[in-house]
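Next comes start34.csv, with CSV, C-alpha atoms.
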```csv
chain,number,residue,atom,x,y,z
P,13,MET,CA,0.0,0.0,0.0
P,14,SER,CA,1.4,3.4,-1.0
P,15,LYS,CA,1.9,6.3,1.5
P,16,GLN,CA,-0.9,8.2,-0.3
P,17,GLN,CA,-3.3,5.3,0.2
P,18,LYS,CA,-2.4,5.0,3.9
P,19,ASP,CA,-2.8,8.8,4.3
P,20,LEU,CA,-6.3,8.6,2.7
P,21,ILE,CA,-7.4,5.7,5.0
P,22,ALA,CA,-6.1,7.6,8.0
P,23,LEU,CA,-8.0,10.7,6.9
P,24,GLN,CA,-11.2,8.7,6.4
P,25,LYS,CA,-10.9,7.2,9.9
P,26,GLU,CA,-10.5,10.7,11.4
P,27,GLN,CA,-13.5,11.9,9.5
P,28,ARG,CA,-15.6,9.0,10.8
P,29,ALA,CA,-14.4,9.6,14.4
P,30,ARG,CA,-15.5,13.3,14.2
P,31,ARG,CA,-18.8,12.2,12.6
P,32,PHE,CA,-19.5,9.6,15.3
P,33,ALA,CA,-18.9,12.1,18.0
P,34,SER,CA,-22.3,13.5,17.0
P,35,TYR,CA,-23.9,10.1,17.9
P,36,GLN,CA,-23.3,10.9,21.5
P,37,PRO,CA,-21.0,8.0,22.5
P,38,SER,CA,-20.5,7.0,26.1
P,39,LYS,CA,-17.6,9.0,27.5
P,40,PHE,CA,-15.2,8.2,30.4
P,41,LYS,CA,-12.6,10.1,32.3
P,42,ILE,CA,-9.3,8.4,33.0
P,43,ARG,CA,-9.6,9.0,36.7
P,44,ASP,CA,-13.0,7.3,36.7
P,45,ILE,CA,-11.7,4.3,34.8
P,46,LEU,CA,-8.9,3.9,37.3
P,47,ARG,CA,-11.2,4.4,40.2
P,48,TRP,CA,-13.4,1.6,39.0
P,49,TYR,CA,-10.6,-0.7,38.1
P,50,LEU,CA,-8.7,-0.3,41.4
P,51,ALA,CA,-11.9,-0.8,43.4
P,52,ARG,CA,-13.1,-3.9,41.5
P,53,LYS,CA,-14.2,-6.9,43.6
P,54,ILE,CA,-15.9,-9.5,41.5
P,55,LEU,CA,-18.2,-11.7,43.6
P,56,PRO,CA,-18.8,-15.3,42.7
P,57,PRO,CA,-22.4,-16.6,42.3
P,58,LYS,CA,-24.0,-17.4,45.7
P,59,ALA,CA,-23.8,-21.2,45.3
P,60,GLY,CA,-20.5,-21.1,43.4
P,61,TYR,CA,-19.6,-21.5,39.7
P,62,THR,CA,-20.2,-25.2,39.5
P,63,ALA,CA,-23.8,-24.9,40.9
P,64,PHE,CA,-24.4,-22.0,38.6
P,65,ASN,CA,-23.5,-24.1,35.6
P,66,HIS,CA,-25.8,-26.9,36.7
P,67,THR,CA,-28.6,-24.4,37.0
P,68,TRP,CA,-28.1,-22.4,33.9
P,69,LEU,CA,-26.9,-24.8,31.2
P,70,GLU,CA,-29.0,-27.0,29.0
P,71,THR,CA,-28.1,-29.4,26.1
P,72,ILE,CA,-29.0,-27.6,22.9
P,73,ASP,CA,-31.5,-29.3,20.5
P,74,LEU,CA,-31.4,-28.0,17.0
P,75,SER,CA,-33.8,-30.6,15.7
P,76,LEU,CA,-36.8,-28.6,16.9
P,77,PRO,CA,-38.9,-27.2,14.0
P,78,GLY,CA,-40.2,-23.8,13.0
P,79,ASP,CA,-39.0,-20.2,13.5
P,80,ARG,CA,-37.0,-20.4,16.7
P,81,ILE,CA,-34.2,-18.8,18.7
P,82,TRP,CA,-31.5,-20.5,20.7
P,83,TRP,CA,-29.3,-18.8,23.3
P,84,ILE,CA,-25.7,-19.7,22.8
P,85,GLY,CA,-24.4,-17.5,25.6
P,86,HIS,CA,-23.6,-13.9,26.3
P,87,ALA,CA,-25.0,-11.8,23.3
P,88,THR,CA,-24.6,-14.8,20.9
P,89,THR,CA,-27.9,-16.2,19.8
P,90,LEU,CA,-28.9,-18.5,16.9
P,91,ILE,CA,-32.1,-17.4,15.1
P,92,ARG,CA,-33.9,-19.4,12.6
P,93,LEU,CA,-36.5,-17.6,10.4
P,94,GLU,CA,-38.1,-19.0,7.3
P,95,GLY,CA,-35.4,-21.7,7.2
P,96,LYS,CA,-32.5,-19.3,7.3
P,97,PHE,CA,-30.0,-19.1,10.3
P,98,ILE,CA,-28.7,-15.8,11.7
P,99,LEU,CA,-26.0,-15.4,14.4
P,100,THR,CA,-25.8,-12.4,16.6
P,101,ASP,CA,-22.4,-11.2,17.9
P,102,PRO,CA,-20.8,-14.6,17.8
P,103,ILE,CA,-18.2,-15.3,20.4
P,104,PHE,CA,-17.2,-18.9,21.0
P,105,SER,CA,-13.7,-18.2,22.5
P,106,HIS,CA,-12.7,-18.9,26.1
P,107,ARG,CA,-11.8,-15.3,26.7
P,108,ALA,CA,-13.3,-12.0,25.5
P,109,SER,CA,-10.0,-10.4,24.9
P,110,PRO,CA,-7.4,-9.6,22.2
P,111,SER,CA,-5.5,-12.7,23.6
P,112,GLN,CA,-6.6,-16.0,24.9
P,113,LEU,CA,-3.9,-15.8,27.5
P,114,PHE,CA,-5.5,-13.0,29.6
P,115,GLY,CA,-8.8,-11.0,29.9
P,116,PRO,CA,-12.3,-11.9,31.0
P,117,LYS,CA,-12.8,-15.7,30.8
P,118,ARG,CA,-15.9,-17.7,30.3
P,119,ARG,CA,-17.6,-18.9,33.4
P,120,THR,CA,-20.1,-20.9,31.4
P,121,PRO,CA,-19.4,-22.6,28.0
P,122,ALA,CA,-21.0,-21.7,24.7
P,123,ALA,CA,-24.0,-24.0,24.1
P,124,ILE,CA,-22.5,-25.3,20.8
P,125,ASN,CA,-19.2,-25.2,19.1
P,126,ILE,CA,-18.6,-23.8,15.6
P,127,ALA,CA,-18.1,-27.2,14.0
P,128,GLU,CA,-21.6,-28.2,15.2
P,129,LEU,CA,-23.4,-25.1,13.8
P,130,PRO,CA,-26.0,-25.6,11.1
P,131,GLN,CA,-25.6,-23.7,7.8
P,132,ILE,CA,-25.3,-20.0,8.8
P,133,ASP,CA,-26.6,-17.5,6.3
P,134,TYR,CA,-26.2,-14.2,8.1
P,135,ILE,CA,-24.2,-12.7,11.0
P,136,VAL,CA,-25.1,-9.3,12.6
P,137,ILE,CA,-22.5,-7.4,14.5
P,138,SER,CA,-23.4,-4.7,17.0
P,139,HIS,CA,-20.0,-3.2,17.6
P,140,ASN,CA,-16.3,-4.0,17.9
P,141,HIS,CA,-15.7,-4.7,21.6
P,142,TYR,CA,-14.0,-8.0,22.1
P,143,ASP,CA,-17.0,-9.7,23.7
P,144,HIS,CA,-19.1,-8.9,20.6
P,145,LEU,CA,-16.6,-9.0,17.7
P,146,ASP,CA,-14.3,-12.0,18.3
P,147,TYR,CA,-11.6,-12.6,15.7
P,148,ASN,CA,-11.1,-16.3,16.3
P,149,SER,CA,-14.9,-17.0,16.1
P,150,ILE,CA,-15.4,-14.9,12.9
P,151,LYS,CA,-12.4,-16.5,11.2
P,152,GLN,CA,-13.6,-20.0,11.9
P,153,ILE,CA,-17.2,-19.2,10.8
P,154,ILE,CA,-16.3,-17.6,7.5
P,155,THR,CA,-13.9,-20.4,6.8
P,156,ARG,CA,-16.7,-22.9,7.3
P,157,PHE,CA,-19.3,-20.8,5.6
P,158,PRO,CA,-17.5,-18.7,2.9
P,159,LYS,CA,-20.8,-17.4,1.4
P,160,ILE,CA,-22.1,-16.0,4.6
P,161,THR,CA,-23.3,-12.4,4.7
P,162,LEU,CA,-22.1,-10.2,7.5
P,163,LEU,CA,-24.1,-7.0,8.5
P,164,VAL,CA,-22.0,-4.5,10.4
P,165,PRO,CA,-22.2,-0.8,11.5
P,166,LEU,CA,-20.2,1.9,9.7
P,167,GLY,CA,-16.5,1.6,10.0
P,168,LEU,CA,-16.2,-2.2,10.4
P,169,LYS,CA,-16.2,-3.4,6.8
P,170,SER,CA,-12.5,-2.9,6.4
P,171,THR,CA,-11.8,-4.9,9.5
P,172,LEU,CA,-13.9,-7.8,8.4
P,173,THR,CA,-12.5,-7.7,4.9
P,174,LYS,CA,-9.0,-8.0,6.4
P,175,TRP,CA,-10.2,-11.1,8.3
P,176,GLY,CA,-11.3,-12.7,5.1
P,177,ALA,CA,-15.1,-12.0,4.9
P,178,LYS,CA,-16.3,-11.7,1.3
P,179,GLN,CA,-19.9,-10.5,1.6
P,180,ILE,CA,-20.2,-7.5,4.0
P,181,VAL,CA,-23.0,-5.0,4.3
P,182,GLU,CA,-22.1,-1.9,6.2
P,183,LEU,CA,-24.9,0.4,7.5
P,184,ASP,CA,-25.5,3.6,9.3
P,185,TRP,CA,-28.3,4.1,11.9
P,186,TRP,CA,-31.8,3.8,10.3
P,187,SER,CA,-30.3,2.4,7.1
P,188,SER,CA,-31.7,-0.9,5.8
P,189,ASN,CA,-30.6,-3.6,3.4
P,190,CYS,CA,-32.7,-6.4,1.9
P,191,VAL,CA,-30.9,-9.7,1.5
P,192,ASN,CA,-32.9,-12.5,-0.1
P,193,GLY,CA,-36.1,-11.1,1.3
P,194,PHE,CA,-34.8,-10.4,4.8
P,195,THR,CA,-34.6,-6.8,5.8
P,196,PHE,CA,-31.8,-5.7,8.2
P,197,THR,CA,-32.0,-2.3,9.8
P,198,ALA,CA,-29.2,-0.8,11.9
P,199,THR,CA,-30.7,1.1,14.9
P,200,PRO,CA,-29.3,3.6,17.4
P,201,ALA,CA,-27.6,2.5,20.7
P,202,LYS,CA,-26.0,4.4,23.5
P,203,HIS,CA,-22.6,3.0,23.5
P,204,TRP,CA,-19.0,3.4,22.1
P,205,SER,CA,-16.4,1.5,20.2
P,206,LYS,CA,-12.7,0.6,20.6
P,207,ARG,CA,-10.4,-2.3,19.9
P,208,GLY,CA,-6.9,-0.7,20.1
P,209,LEU,CA,-5.1,2.2,21.6
P,210,PHE,CA,-5.9,4.8,18.9
P,211,ASP,CA,-9.3,3.8,17.4
P,212,GLU,CA,-11.8,5.0,19.9
P,213,ASN,CA,-15.2,5.6,18.3
P,214,LYS,CA,-13.8,5.3,14.8
P,215,ALA,CA,-16.4,2.6,14.0
P,216,LEU,CA,-20.1,2.9,14.8
P,217,TRP,CA,-22.1,0.8,17.3
P,218,CYS,CA,-25.8,-0.2,16.7
P,219,GLY,CA,-28.6,-2.6,17.3
P,220,TRP,CA,-30.4,-4.6,14.6
P,221,VAL,CA,-34.0,-5.0,13.6
P,222,ILE,CA,-34.4,-8.2,11.5
P,223,GLN,CA,-37.6,-8.7,9.5
P,224,SER,CA,-38.3,-12.0,7.8
P,225,PRO,CA,-39.9,-12.2,4.3
P,226,THR,CA,-43.7,-12.3,4.0
P,227,THR,CA,-44.6,-15.6,2.4
P,228,SER,CA,-47.8,-17.3,1.3
P,229,HIS,CA,-48.0,-19.2,4.6
P,230,ASN,CA,-46.5,-16.8,7.0
P,231,GLU,CA,-46.4,-13.1,7.8
P,232,CYS,CA,-43.3,-11.0,8.5
P,233,LYS,CA,-41.7,-11.5,11.9
P,234,THR,CA,-39.7,-8.8,13.5
P,235,VAL,CA,-36.7,-9.6,15.9
P,236,TYR,CA,-34.9,-6.7,17.5
P,237,PHE,CA,-31.3,-7.4,18.7
P,238,MET,CA,-30.4,-4.5,21.0
P,239,GLY,CA,-26.6,-5.1,21.1
P,240,ASP,CA,-25.0,-3.1,24.0
P,241,THR,CA,-26.6,0.2,25.1
P,242,GLY,CA,-27.1,2.5,28.0
P,243,TYR,CA,-30.5,3.9,28.5
P,244,SER,CA,-31.6,6.7,26.2
P,245,PRO,CA,-35.0,8.2,25.4
P,246,GLN,CA,-33.8,8.1,21.7
P,247,LEU,CA,-34.3,4.3,21.8
P,248,GLN,CA,-38.1,4.8,21.9
P,249,GLU,CA,-38.0,5.8,18.3
P,250,ILE,CA,-37.2,2.2,17.4
P,251,GLY,CA,-40.6,1.2,18.8
P,252,ASN,CA,-42.2,4.0,16.8
P,253,ARG,CA,-40.7,2.9,13.6
P,254,PHE,CA,-41.2,-0.9,14.3
P,255,PRO,CA,-44.5,-1.1,16.2
P,256,THR,CA,-44.7,-4.9,16.0
P,257,ILE,CA,-41.5,-6.2,17.6
P,258,ASP,CA,-42.3,-9.9,18.1
P,259,LEU,CA,-39.1,-10.6,20.0
P,260,ALA,CA,-36.5,-8.3,21.5
P,261,LEU,CA,-33.1,-9.5,22.6
P,262,ILE,CA,-32.4,-7.2,25.5
P,263,PRO,CA,-29.1,-7.2,27.6
P,264,ILE,CA,-29.4,-7.3,31.3
P,265,GLY,CA,-25.9,-7.7,32.6
P,266,ALA,CA,-22.6,-5.8,33.0
P,267,TYR,CA,-24.2,-2.9,34.8
P,268,ALA,CA,-22.4,-2.4,38.2
P,269,PRO,CA,-21.4,0.0,39.5
P,270,ARG,CA,-24.1,2.2,38.1
P,271,TRP,CA,-22.0,5.4,38.6
P,272,PHE,CA,-19.6,4.0,36.0
P,273,MET,CA,-21.7,1.6,33.8
P,274,HIS,CA,-24.9,3.6,33.4
P,275,SER,CA,-23.9,5.3,30.2
P,276,GLN,CA,-23.0,2.1,28.4
P,277,HIS,CA,-25.1,-0.7,29.8
P,278,ILE,CA,-28.7,-0.9,31.0
P,279,ASP,CA,-29.5,-2.8,34.2
P,280,PRO,CA,-32.4,-5.2,34.6
P,281,GLN,CA,-34.9,-2.5,35.6
P,282,GLN,CA,-34.0,-0.4,32.6
P,283,ALA,CA,-34.3,-3.5,30.4
P,284,ILE,CA,-37.9,-3.8,31.6
P,285,GLN,CA,-38.5,-0.1,31.0
P,286,LEU,CA,-37.3,-0.4,27.4
P,287,TYR,CA,-39.5,-3.5,27.0
P,288,ASP,CA,-42.5,-1.4,27.9
P,289,GLU,CA,-41.4,1.7,25.9
P,290,LEU,CA,-40.8,-0.3,22.8
P,291,HIS,CA,-44.1,-2.1,23.2
P,292,CYS,CA,-42.4,-5.5,22.7
P,293,LYS,CA,-44.6,-8.5,22.4
P,294,SER,CA,-41.9,-10.7,24.0
P,295,ALA,CA,-38.2,-10.4,25.0
P,296,LEU,CA,-35.3,-12.6,25.8
P,297,ALA,CA,-32.6,-11.6,28.3
P,298,ILE,CA,-29.1,-11.8,27.0
P,299,HIS,CA,-25.6,-10.5,27.8
P,300,TRP,CA,-25.3,-12.1,31.2
P,301,GLY,CA,-24.0,-15.4,32.7
P,302,ALA,CA,-20.9,-15.9,30.6
P,303,PHE,CA,-18.3,-13.2,31.2
P,304,GLU,CA,-17.6,-11.1,34.3
P,305,LEU,CA,-17.4,-7.7,32.6
P,306,ALA,CA,-18.6,-5.6,35.5
P,307,ASP,CA,-18.9,-5.9,39.3
P,308,GLU,CA,-22.2,-7.7,39.8
P,309,PRO,CA,-22.0,-11.5,40.4
P,310,ILE,CA,-23.3,-13.4,37.3
P,311,ASP,CA,-26.3,-14.8,39.2
P,312,GLU,CA,-27.6,-11.3,40.1
P,313,PRO,CA,-29.1,-10.1,36.7
P,314,PRO,CA,-31.7,-12.9,36.5
P,315,GLU,CA,-32.7,-12.4,40.1
P,316,LEU,CA,-33.3,-8.7,39.6
P,317,LEU,CA,-35.2,-9.3,36.3
P,318,ASN,CA,-37.5,-11.9,37.9
P,319,SER,CA,-38.2,-9.5,40.9
P,320,HIS,CA,-39.4,-6.7,38.6
P,321,LYS,CA,-40.8,-8.2,35.4
P,322,GLY,CA,-44.2,-9.2,36.7
P,323,ASP,CA,-46.3,-10.9,34.1
P,324,ARG,CA,-44.4,-9.5,31.1
P,325,ARG,CA,-43.2,-12.0,28.4
P,326,PHE,CA,-39.6,-11.3,29.3
P,327,TYR,CA,-37.9,-14.7,29.2
P,328,LEU,CA,-34.9,-16.0,31.0
P,329,LEU,CA,-33.4,-19.0,29.2
P,330,LYS,CA,-30.8,-21.5,30.2
P,331,ILE,CA,-27.7,-21.4,27.9
P,332,GLY,CA,-28.7,-23.8,25.1
P,333,ALA,CA,-32.4,-23.4,25.6
P,334,ASN,CA,-34.8,-22.0,23.0
P,335,LEU,CA,-38.0,-20.2,22.2
P,336,ALA,CA,-40.4,-20.7,19.3
P,337,ILE,CA,-41.1,-17.5,17.4
P,338,ASN,CA,-44.7,-17.8,16.3
P,339,HIS,CA,-47.1,-15.5,14.4
P,340,PRO,CA,-47.3,-12.1,16.3
P,341,LYS,CA,-50.9,-12.5,17.3
P,342,TYR,CA,-50.1,-15.8,19.0
P,343,GLY,CA,-47.1,-14.5,20.9
P,344,LEU,CA,-44.3,-16.9,21.9
P,345,LYS,CA,-44.7,-20.5,22.9
```

So, in terms of structure tokens, how does the structure I just supplied come out?
Amino acid sequence: MSKQQKDLIALQKEQRARRFASYQPSKFKIRDILRWYLARKILPPKAGYTAFNHTWLETIDLSLPGDRIWWIGHATTLIRLEGKFILTDPIFSHRASPSQLFGPKRRTPAAINIAELPQIDYIVISHNHYDHLDYNSIKQIITRFPKITLLVPLGLKSTLTKWGAKQIVELDWWSSNCVNGFTFTATPAKHWSKRGLFDENKALWCGWVIQSPTTSHNECKTVYFMGDTGYSPQLQEIGNRFPTIDLALIPIGAYAPRWFMHSQHIDPQQAIQLYDELHCKSALAIHWGAFELADEPIDEPPELLNSHKGDRRFYLLKIGANLAINHPKYGLK
């Protein structure tokens, strides 16, 4: 690559960084980061990690029919709509880190390994943090499924191209792309991006609304994958634009302490608030139980969600378990 080409790429990255500053990313002061890091005391689950695994793991069963979603772990889900399979933020590695020698390690295994996956047609990526965009997982998946389509927020296409992906759709907030009858729309989120020392907020972050094709035997289904987000009233616009969200995948973990985490991750009560504000028909709790990314013990998020959700269709699944996604008027079974 010539110096001129490198300079152009660097200029484009700087322009994106300035542009994404208008998207109101989460911001942190160095002293706050140090204050949080130095005071960290990660508590184990009440009954210990072995008992937690016994309680929250289930053998995955991919033989079940129909439109369905399986929770693989963390923010990774396997969605089947109209016979097509979609992965959200796939991470199958032992650590959420640039290296498998250090960094947050899994406390619960992924429900399936990459070699056992069915034919994957699409991957949606919410942002570039290591617990959502995992190099080893992406490389193995695109090697096994070379024709797979990846949908990513602005600024990530070049990264995925370097990793070997061939079919990449890069979208801004509220932009949509139709792939074989499926419509993917990138939606706002209150978050930020960073993978290295000098790339903070030079790639966008987002959620995804996935709409299946309307066929002769089935109406369109709408699944909303929230990705990572702090609370923002701006998210209510997603419910206005997509008034029939059949299933929302809503994060409930990595929220403590609130003085530090509130701008980047919602807590279980805010997850319920967004469920209501978006008028979701049903929701699945994700982004908990695998990695200790914040200060709460990994068994606390489901306890708090259960204590506040009332009779809402806000589901807690075991890793490996599934939900059938039926016609909107019938809800989930």

Exercise for review: Name the residues within 10 Å of (-17.3, -9.1, 23.3), counting all atoms listed in the file in the file's coordinates, and put them as an MDAnalysis selection string.
Suggested key: chainID P and resid 86:88 101:103 105 107:110 116 138:146 240 299 303 305

Point to revise | Nearest-residue call for Asn65 of chain P, choices P:Leu259, P:Leu99, P:Ala295, P:Ala123, using only C-alpha atoms | key: P:Ala123

Practice item. Using atom CA of Tyr147 of chain P and atom CA of Ala306 of chain P as the two end points, give the distance in Å to one decimal. Key: 22.1 Å

Exercise for review: Name all residues at most 12 Å from Asp323 of chain P (count all atoms listed in the file; drop same-chain ones fewer than 6 positions away) and give them as number ranges by chain.
Suggested key: P: 284, 288, 294, 317

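Proximity ranking of P:Leu286, P:Glu94, P:Thr256, P:Gly219 relative to Phe194 of chain P places P:Glu94 first, based on only C-alpha atoms.
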
If you take all atoms listed in the file and a cut-off of 8 Å, which residues of segment 250-315 of chain P touch segment 200-203 of chain P, and what are their nearest atom pairs and distances in Å to one decimal, in chain and number order, as a tab-separated table?
```
residue	atom	partner	partner_atom	distance
P:Ser275	CA	P:Lys202	CA	7.1
P:Gln276	CA	P:His203	CA	5.0
P:His277	CA	P:His203	CA	7.7
```
